[in-house]
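Asks: Attaching a single structure in structure tokens format; questions to follow.
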Amino acid sequence: MLGFVRTDNNALVACLGDPQRTVAAYRELLRRGTNALSAVRAGLYDENPAVREDCCRLLDHLVDMESMDALVTMVDDPDSRVRIAAFHALACDRCKGDTCAPGADRVLEPALRHLASDPDPHVRARAAELVGKFAHFDARAVAGLHESRTGDPDPAVRKKAGWFVPGGTIYERTLPPGVQKTRPGRTRVMRSR
């Protein structure tokens with residue numbers, strides 16, 4: 001099956017580090033879904049950063065509440081590609097179905113830390129997406145995004161941070177129900193009678 005010597009979940013996770021077998025192993029693990037979760041979680045601690053990165057990418061689709069803490073720790077991985085994949089998995093709601101996304105209490109502090117000081121601009125840009133999820137109701141998120149928008153050395157990071165601050169395109173498009181845009185950059189809560 002699939003041209004692998006072994007096809008158990010752990011063997012497929014190990015194949016994520018083999019450029020010749022990555023795509024097939026990834027697709028098969030994704031197809032196996034929750035049955036592969038324990039092997040995917042274990043792969044987060046593999047010595048090969050390619051395996052860790054793909055396990056973060058798999059958890060973007062397969063994540064459950066039991067996997068959240070492990071995924072949060074991956075934002076501090078020494079490899080920037082792993083950090084990027086972890087931030088994407090934590091920020092992206094589109095791939096997760098009905099699984100609850102982690103709250104600000106679990107992810108905002110590490111996201112703000114990486115937004116402010118990660119050496120890789122791609123990581124900072126992904127951190128901005130996660131911080132932006134909390135900009136409607138957390139002043140720390142707005143402050144961190146404003147700081148990044150005005151002070152980040154990378155223009156792409158500054159631009160992305162600007163999307164999530166009040167008045168930014170994503171901020172305005174994702175206003176919660178009951179909040180009405182009044183003029184650019186200003187919002188107000190509409191109270192029901």
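Naming works like this for the structure tokens: A, B, ... for the chains as they're shown, residue 1 at the start of each chain, ligands 1 onward in shown order.
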Residues at most 7 Å from range 150-157 of chain A, counting only C-alpha atoms, excluding those fewer than 2 positions away in the same chain, as a list of chain:residue names?
Replies: A:Pro121, A:Arg124, A:Ala125, A:His146, A:Glu147, A:Ser148, A:Lys159, A:Lys160, A:Ala161
Asks: Those residues with N, CA, C and O atoms, as a PDB file, in the first residue's frame please?
Replies:
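The file below, out27.pdb, is the result:
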ATOM      1  N   PRO A 121      10.663  37.283   9.599  1.00  0.00           N
ATOM      2  CA  PRO A 121       9.484  38.101   9.276  1.00  0.00           C
ATOM      3  C   PRO A 121       8.247  37.271   8.906  1.00  0.00           C
ATOM      4  O   PRO A 121       7.117  37.702   9.145  1.00  0.00           O
ATOM      5  N   ARG A 124       6.621  36.466  12.151  1.00  0.00           N
ATOM      6  CA  ARG A 124       5.940  37.657  12.679  1.00  0.00           C
ATOM      7  C   ARG A 124       4.632  37.896  11.945  1.00  0.00           C
ATOM      8  O   ARG A 124       3.624  38.261  12.554  1.00  0.00           O
ATOM      9  N   ALA A 125       4.621  37.666  10.635  1.00  0.00           N
ATOM     10  CA  ALA A 125       3.387  37.855   9.862  1.00  0.00           C
ATOM     11  C   ALA A 125       2.317  36.854  10.295  1.00  0.00           C
ATOM     12  O   ALA A 125       1.138  37.207  10.428  1.00  0.00           O
ATOM     13  N   HIS A 146      -0.634  47.627  16.590  1.00  0.00           N
ATOM     14  CA  HIS A 146      -0.238  49.013  16.282  1.00  0.00           C
ATOM     15  C   HIS A 146       1.278  49.147  16.306  1.00  0.00           C
ATOM     16  O   HIS A 146       1.863  49.781  15.414  1.00  0.00           O
ATOM     17  N   GLU A 147       1.905  48.573  17.311  1.00  0.00           N
ATOM     18  CA  GLU A 147       3.365  48.631  17.417  1.00  0.00           C
ATOM     19  C   GLU A 147       4.020  47.983  16.198  1.00  0.00           C
ATOM     20  O   GLU A 147       4.963  48.510  15.621  1.00  0.00           O
ATOM     21  N   SER A 148       3.506  46.838  15.792  1.00  0.00           N
ATOM     22  CA  SER A 148       4.050  46.148  14.633  1.00  0.00           C
ATOM     23  C   SER A 148       3.801  46.937  13.348  1.00  0.00           C
ATOM     24  O   SER A 148       4.680  47.025  12.485  1.00  0.00           O
ATOM     25  N   LYS A 159       2.282  45.777   6.854  1.00  0.00           N
ATOM     26  CA  LYS A 159       1.026  45.768   6.098  1.00  0.00           C
ATOM     27  C   LYS A 159       0.019  44.795   6.706  1.00  0.00           C
ATOM     28  O   LYS A 159      -1.150  45.136   6.908  1.00  0.00           O
ATOM     29  N   LYS A 160       0.476  43.576   7.026  1.00  0.00           N
ATOM     30  CA  LYS A 160      -0.435  42.585   7.588  1.00  0.00           C
ATOM     31  C   LYS A 160      -0.966  43.039   8.939  1.00  0.00           C
ATOM     32  O   LYS A 160      -2.150  42.893   9.225  1.00  0.00           O
ATOM     33  N   ALA A 161      -0.114  43.592   9.785  1.00  0.00           N
ATOM     34  CA  ALA A 161      -0.575  44.086  11.088  1.00  0.00           C
ATOM     35  C   ALA A 161      -1.637  45.173  10.893  1.00  0.00           C
ATOM     36  O   ALA A 161      -2.616  45.229  11.646  1.00  0.00           O
TER      37      ALA A 161
END
Asks: Can you tell me which residues surround Asp93 in chain A at a distance of at most 12 Å, considering only C-alpha atoms, apart from same-chain residues fewer than 6 positions away, and format the answer as a VMD selection string?
Replies: chain A and resid 59 to 63 87 99 to 102 129 to 130 133
Asks: Suppose we keep N, CA, C and O atoms; can you now write the selection as a PDB file, in the first residue's frame?
Replies:
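File produced: result31.pdb:
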ATOM      1  N   LEU A  59      -2.181  18.952  12.085  1.00  0.00           N
ATOM      2  CA  LEU A  59      -3.031  19.354  13.204  1.00  0.00           C
ATOM      3  C   LEU A  59      -3.907  20.549  12.860  1.00  0.00           C
ATOM      4  O   LEU A  59      -4.918  20.774  13.514  1.00  0.00           O
ATOM      5  N   ASP A  60      -3.546  21.302  11.846  1.00  0.00           N
ATOM      6  CA  ASP A  60      -4.431  22.363  11.370  1.00  0.00           C
ATOM      7  C   ASP A  60      -5.778  21.768  10.971  1.00  0.00           C
ATOM      8  O   ASP A  60      -6.827  22.382  11.161  1.00  0.00           O
ATOM      9  N   HIS A  61      -5.772  20.561  10.451  1.00  0.00           N
ATOM     10  CA  HIS A  61      -6.997  19.888  10.008  1.00  0.00           C
ATOM     11  C   HIS A  61      -7.557  18.922  11.049  1.00  0.00           C
ATOM     12  O   HIS A  61      -8.766  18.740  11.126  1.00  0.00           O
ATOM     13  N   LEU A  62      -6.683  18.293  11.814  1.00  0.00           N
ATOM     14  CA  LEU A  62      -7.111  17.207  12.699  1.00  0.00           C
ATOM     15  C   LEU A  62      -7.162  17.591  14.177  1.00  0.00           C
ATOM     16  O   LEU A  62      -7.483  16.758  15.007  1.00  0.00           O
ATOM     17  N   VAL A  63      -6.843  18.830  14.488  1.00  0.00           N
ATOM     18  CA  VAL A  63      -6.662  19.220  15.886  1.00  0.00           C
ATOM     19  C   VAL A  63      -7.891  18.927  16.739  1.00  0.00           C
ATOM     20  O   VAL A  63      -9.027  19.012  16.278  1.00  0.00           O
ATOM     21  N   PHE A  87       1.760  28.632  14.003  1.00  0.00           N
ATOM     22  CA  PHE A  87       0.926  29.835  14.069  1.00  0.00           C
ATOM     23  C   PHE A  87      -0.242  29.750  13.094  1.00  0.00           C
ATOM     24  O   PHE A  87      -1.360  30.144  13.415  1.00  0.00           O
ATOM     25  N   THR A  99     -14.198  22.149  15.713  1.00  0.00           N
ATOM     26  CA  THR A  99     -13.306  22.208  16.863  1.00  0.00           C
ATOM     27  C   THR A  99     -13.172  23.649  17.325  1.00  0.00           C
ATOM     28  O   THR A  99     -13.019  24.551  16.518  1.00  0.00           O
ATOM     29  N   CYS A 100     -13.214  23.850  18.617  1.00  0.00           N
ATOM     30  CA  CYS A 100     -13.073  25.196  19.164  1.00  0.00           C
ATOM     31  C   CYS A 100     -11.628  25.667  19.031  1.00  0.00           C
ATOM     32  O   CYS A 100     -10.697  24.924  19.321  1.00  0.00           O
ATOM     33  N   ALA A 101     -11.473  26.901  18.601  1.00  0.00           N
ATOM     34  CA  ALA A 101     -10.148  27.498  18.513  1.00  0.00           C
ATOM     35  C   ALA A 101      -9.674  27.867  19.916  1.00  0.00           C
ATOM     36  O   ALA A 101     -10.484  28.120  20.802  1.00  0.00           O
ATOM     37  N   PRO A 102      -8.358  27.908  20.126  1.00  0.00           N
ATOM     38  CA  PRO A 102      -7.849  28.260  21.452  1.00  0.00           C
ATOM     39  C   PRO A 102      -8.148  29.716  21.781  1.00  0.00           C
ATOM     40  O   PRO A 102      -8.169  30.571  20.905  1.00  0.00           O
ATOM     41  N   GLU A 129      -1.541  37.378  12.369  1.00  0.00           N
ATOM     42  CA  GLU A 129      -2.857  36.785  12.089  1.00  0.00           C
ATOM     43  C   GLU A 129      -3.505  36.254  13.361  1.00  0.00           C
ATOM     44  O   GLU A 129      -4.707  36.432  13.571  1.00  0.00           O
ATOM     45  N   LEU A 130      -2.716  35.609  14.202  1.00  0.00           N
ATOM     46  CA  LEU A 130      -3.268  35.073  15.441  1.00  0.00           C
ATOM     47  C   LEU A 130      -3.628  36.200  16.410  1.00  0.00           C
ATOM     48  O   LEU A 130      -4.703  36.189  17.007  1.00  0.00           O
ATOM     49  N   LYS A 133      -6.944  37.919  15.643  1.00  0.00           N
ATOM     50  CA  LYS A 133      -8.198  37.252  16.027  1.00  0.00           C
ATOM     51  C   LYS A 133      -8.780  37.840  17.315  1.00  0.00           C
ATOM     52  O   LYS A 133      -9.965  37.707  17.581  1.00  0.00           O
TER      53      LYS A 133
END
Asks: Could you name the residues that touch Arg106 in chain A at 10 Å or less, counting only C-alpha atoms, but leaving out those on the same chain fewer than 3 positions away, as a ChimeraX atom specification?
Replies: /A:68-69,72,102-103,109-111
Asks: Only C-alpha atoms, please: the residues just picked out, written as a tab-separated table (two decimals), in the first residue's frame.
Replies:
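Below is the file that was written, selection23.tsv:
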chain	number	residue	atom	x	y	z
A	68	MET	CA	-3.90	22.28	21.53
A	69	ASP	CA	-1.26	22.55	24.26
A	72	VAL	CA	0.94	26.00	21.32
A	102	PRO	CA	-7.85	28.26	21.45
A	103	GLY	CA	-8.68	31.34	23.49
A	109	GLU	CA	0.97	36.05	25.00
A	110	PRO	CA	3.18	33.80	22.82
A	111	ALA	CA	1.72	35.39	19.68
Asks: Please, which residues in range 74-167 of chain A fall within 8 Å of range 51-56 of chain A when counting only C-alpha atoms, and what is the closest atom pair and distance in Å to one decimal for each, ordered by chain then residue number, as CSV?
Replies:
residue,atom,partner,partner_atom,distance
A:Met74,CA,A:Cys56,CA,7.9
A:Arg81,CA,A:Glu53,CA,6.4
A:Val82,CA,A:Glu53,CA,4.4
A:Arg83,CA,A:Glu53,CA,7.9
A:Ala85,CA,A:Cys56,CA,5.7
A:Ala86,CA,A:Cys56,CA,5.4
A:Ala89,CA,A:Cys56,CA,6.6
Asks: Please give the complete set of residues from range 110-192 of chain A that DSSP, run on the backbone, assigns to strand (DSSP E or B), formatted as a PyMOL selection string.
Replies: chain A and resi 179-183+186-189
Asks: Counting only C-alpha atoms, which of A:His136, A:Arg41, A:Arg158, A:Arg6 gets nearest to Ala25 in chain A?
Replies: A:Arg6
Asks: So which one's closest to Asn48 in chain A, A:Leu16, A:Ala24, A:Met65, A:Ala36? Using only C-alpha atoms, please.
Replies: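 Looking at the shortest contact to Asn48 in chain A, the residue is A:Leu16.
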Asks: Would you mind telling me which residue in A:Thr174, A:Ser38, A:Thr169, A:Asn9 lies nearest to Tyr26 in chain A when using only C-alpha atoms?
Replies: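 Once distances to Tyr26 in chain A are computed over only C-alpha atoms, the minimum belongs to A:Asn9.
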